Amino acid sequence: MKEKKIPMRMCVGCREMKPKKELLRVVKSPENVVSLDVTGRKPGRGAYVCKNAECLEKAIRQRQLERAFECAISEETRDALKSELEALKNL
């Protein structure tokens, strides 16, 4: 029987290739709103980050999310992303 291929994605924070299910999708919607996509099905441009705060912080600090989305990300949006990630960890 043929093995099923596992989709791989690169974390924009640590730059490691990991299975898609282990990563969290950050999405820029058509209305230019940046948010976390827990389901992985929101419409818009996506970038992947590990499910830990260090990788998200590194992606923000090195402006990797801004490069991926080709737009500036405000301080309020950065804080919202961090708080959303913390809320997910507490579940």
# chains A, B, ... in the order shown; residues from 1 in each chain; ligands from 1
call {"tool": "residues_around", "arguments": {"residues": "Val38 in chain A", "least_positions_apart": "5", "cutoff": "12 Å", "atoms": "only C-alpha atoms", "output": "compact mmCIF listing (two decimals) with N, CA and C atoms, in the first residue's frame"}}
result
# COMPACT_ATOMS: atom_id res chain seq x y z
N LYS A 21 0.37 20.20 9.99
CA LYS A 21 -0.50 20.09 11.15
C LYS A 21 0.16 20.54 12.44
N GLU A 22 1.50 20.59 12.46
CA GLU A 22 2.22 21.02 13.66
C GLU A 22 2.38 22.54 13.72
N LEU A 23 2.02 23.23 12.64
CA LEU A 23 2.22 24.67 12.56
C LEU A 23 0.89 25.41 12.66
N LEU A 24 0.99 26.69 12.97
CA LEU A 24 -0.17 27.56 13.08
C LEU A 24 -0.14 28.55 11.92
N ARG A 25 -1.27 28.75 11.27
CA ARG A 25 -1.33 29.64 10.11
C ARG A 25 -1.68 31.05 10.55
N VAL A 26 -0.91 32.00 10.07
CA VAL A 26 -1.22 33.43 10.24
C VAL A 26 -1.70 33.89 8.88
N VAL A 27 -2.82 34.58 8.83
CA VAL A 27 -3.43 34.93 7.55
C VAL A 27 -3.66 36.43 7.44
N GLY A 46 -1.44 33.30 3.47
CA GLY A 46 -1.05 32.66 4.72
C GLY A 46 0.45 32.50 4.88
N TYR A 48 3.14 30.43 7.89
CA TYR A 48 3.08 29.45 8.97
C TYR A 48 4.12 29.74 10.03
N VAL A 49 3.75 29.48 11.29
CA VAL A 49 4.65 29.70 12.42
C VAL A 49 4.42 28.56 13.42
N LYS A 51 3.85 26.64 17.00
CA LYS A 51 2.86 26.94 18.01
C LYS A 51 3.48 27.40 19.33
N LEU A 81 -1.87 39.20 18.00
CA LEU A 81 -1.38 37.88 17.62
C LEU A 81 -0.79 37.16 18.83
N GLU A 84 -3.62 36.10 21.16
CA GLU A 84 -4.37 34.97 20.58
C GLU A 84 -3.60 33.66 20.78
N LEU A 85 -2.28 33.71 20.60
CA LEU A 85 -1.46 32.51 20.78
C LEU A 85 -1.47 32.06 22.24
N ALA A 87 -3.89 32.60 24.35
CA ALA A 87 -5.23 32.06 24.62
C ALA A 87 -5.34 30.62 24.10
N LEU A 88 -4.71 30.34 22.96
CA LEU A 88 -4.73 28.97 22.41
C LEU A 88 -3.97 28.00 23.32
N LYS A 89 -2.88 28.46 23.90
CA LYS A 89 -2.09 27.59 24.79
C LYS A 89 -2.87 27.25 26.05
call {"tool": "residues_around", "arguments": {"residues": "Ile6 in chain A", "least_positions_apart": "5", "cutoff": "10 Å", "atoms": "only C-alpha atoms", "output": "list in words"}}
result
Lys18, Pro19, Lys20 and Lys21 of chain A
call {"tool": "write_last_selection", "arguments": {"atoms": "C-alpha atoms", "output": "PDB file, in the first residue's frame"}}
result
ATOM      1  CA  LYS A  18       7.669  20.825   9.679  1.00  0.00           C
ATOM      2  CA  PRO A  19       4.432  18.959   8.963  1.00  0.00           C
ATOM      3  CA  LYS A  20       1.599  21.374   8.241  1.00  0.00           C
ATOM      4  CA  LYS A  21      -0.505  20.087  11.150  1.00  0.00           C
TER       5      LYS A  21
END
call {"tool": "closest_residue", "arguments": {"among": "A:Thr39, A:Arg45, A:Cys50, A:Met17", "to": "Glu70 in chain A", "atoms": "only C-alpha atoms"}}
result
A:Arg45
call {"tool": "select_by_dssp", "arguments": {"residues": "chain A", "states": "strand (DSSP E or B)", "output": "list in words"}}
result
Met8, Arg9, Met10, Cys11, Met17, Lys18, Pro19, Leu23, Leu24, Arg25, Val26, Val27, Lys28, Val34, Ser35, Leu36, Asp37, Arg45, Gly46, Ala47, Tyr48, Val49 and Cys50 of chain A
call {"tool": "atom_distance", "arguments": {"atom1": "CA of Pro30 in chain A", "atom2": "CA of Arg15 in chain A"}}
result
25.6 Å
call {"tool": "residues_around", "arguments": {"residues": "Ala68 in chain A", "least_positions_apart": "4", "cutoff": "12 Å", "atoms": "only C-alpha atoms", "output": "list in words"}}
result
Met10, Cys11, Val12, Gly13, Val26, Val27, Lys28, Val34, Gly44, Arg45, Gly46, Ala47, Tyr48, Val49, Ala59, Ile60, Gln62, Arg63, Gln64, Ala72 and Ile73 of chain A
call {"tool": "write_last_selection", "arguments": {"atoms": "N, CA, C and O atoms", "output": "CSV table (one decimal), in the first residue's frame"}}
result
chain,number,residue,atom,x,y,z
A,10,MET,N,7.2,25.7,6.0
A,10,MET,CA,8.3,26.3,6.7
A,10,MET,C,7.8,27.3,7.7
A,10,MET,O,7.0,28.2,7.3
A,11,CYS,N,8.3,27.2,8.9
A,11,CYS,CA,8.0,28.2,9.9
A,11,CYS,C,8.8,29.5,9.6
A,11,CYS,O,10.0,29.5,9.3
A,12,VAL,N,8.1,30.7,9.5
A,12,VAL,CA,8.8,31.9,9.2
A,12,VAL,C,9.6,32.4,10.4
A,12,VAL,O,10.5,33.3,10.2
A,13,GLY,N,9.4,31.8,11.6
A,13,GLY,CA,10.3,32.3,12.7
A,13,GLY,C,11.6,31.5,12.8
A,13,GLY,O,12.6,32.1,12.7
A,26,VAL,N,-0.9,32.0,10.1
A,26,VAL,CA,-1.2,33.4,10.2
A,26,VAL,C,-1.7,33.9,8.9
A,26,VAL,O,-1.1,33.6,7.9
A,27,VAL,N,-2.8,34.6,8.8
A,27,VAL,CA,-3.4,34.9,7.5
A,27,VAL,C,-3.7,36.4,7.4
A,27,VAL,O,-4.0,37.1,8.4
A,28,LYS,N,-3.4,37.0,6.2
A,28,LYS,CA,-3.8,38.3,5.9
A,28,LYS,C,-5.0,38.3,5.0
A,28,LYS,O,-5.0,37.8,3.9
A,34,VAL,N,-4.7,41.1,9.7
A,34,VAL,CA,-3.8,40.0,10.0
A,34,VAL,C,-4.3,39.3,11.3
A,34,VAL,O,-4.5,40.0,12.3
A,44,GLY,N,-7.3,34.2,2.2
A,44,GLY,CA,-6.3,35.2,2.2
A,44,GLY,C,-4.9,34.6,2.1
A,44,GLY,O,-4.7,33.3,2.0
A,45,ARG,N,-3.9,35.4,2.2
A,45,ARG,CA,-2.5,35.0,2.1
A,45,ARG,C,-2.1,34.5,3.5
A,45,ARG,O,-2.3,35.1,4.5
A,46,GLY,N,-1.4,33.3,3.5
A,46,GLY,CA,-1.1,32.7,4.7
A,46,GLY,C,0.4,32.5,4.9
A,46,GLY,O,1.2,32.4,3.9
A,47,ALA,N,0.9,32.5,6.1
A,47,ALA,CA,2.3,32.2,6.5
A,47,ALA,C,2.2,31.3,7.7
A,47,ALA,O,1.2,31.4,8.5
A,48,TYR,N,3.1,30.4,7.9
A,48,TYR,CA,3.1,29.5,9.0
A,48,TYR,C,4.1,29.7,10.0
A,48,TYR,O,5.2,30.2,9.7
A,49,VAL,N,3.8,29.5,11.3
A,49,VAL,CA,4.6,29.7,12.4
A,49,VAL,C,4.4,28.6,13.4
A,49,VAL,O,3.3,28.0,13.5
A,59,ALA,N,9.6,35.9,14.4
A,59,ALA,CA,9.0,36.2,13.1
A,59,ALA,C,8.6,37.7,13.1
A,59,ALA,O,8.8,38.4,12.1
A,60,ILE,N,8.1,38.2,14.2
A,60,ILE,CA,7.7,39.6,14.3
A,60,ILE,C,9.0,40.5,14.3
A,60,ILE,O,9.1,41.5,13.6
A,62,GLN,N,12.1,39.9,13.3
A,62,GLN,CA,12.9,39.9,12.1
A,62,GLN,C,12.0,40.3,10.9
A,62,GLN,O,12.5,40.3,9.7
A,63,ARG,N,10.8,40.8,11.1
A,63,ARG,CA,9.9,41.3,10.1
A,63,ARG,C,9.6,40.2,9.0
A,63,ARG,O,9.3,40.6,7.8
A,64,GLN,N,9.6,39.0,9.4
A,64,GLN,CA,9.3,37.9,8.4
A,64,GLN,C,7.8,37.9,8.0
A,64,GLN,O,7.5,37.6,6.8
A,72,ALA,N,2.9,46.5,6.2
A,72,ALA,CA,3.4,46.8,7.5
A,72,ALA,C,2.4,46.2,8.5
A,72,ALA,O,1.2,46.2,8.3
A,73,ILE,N,2.9,45.7,9.6
A,73,ILE,CA,2.0,45.2,10.7
A,73,ILE,C,2.1,46.1,11.9
A,73,ILE,O,3.2,46.3,12.4
call {"tool": "select_by_dssp", "arguments": {"residues": "chain A", "states": "alpha helix (DSSP H)", "output": "ChimeraX atom specification"}}
result
/A:53-61,64-69,75-90
call {"tool": "atom_distance", "arguments": {"atom1": "CA of Arg78 in chain A", "atom2": "CA of Leu56 in chain A"}}
result
9.4 Å
call {"tool": "residues_around", "arguments": {"residues": "Glu86 in chain A", "least_positions_apart": "5", "cutoff": "12 Å", "atoms": "only C-alpha atoms", "output": "ChimeraX atom specification"}}
result
/A:36,51-54,56,79-81,91
call {"tool": "atom_distance", "arguments": {"atom1": "CA of Cys14 in chain A", "atom2": "CA of Cys55 in chain A"}}
result
5.9 Å
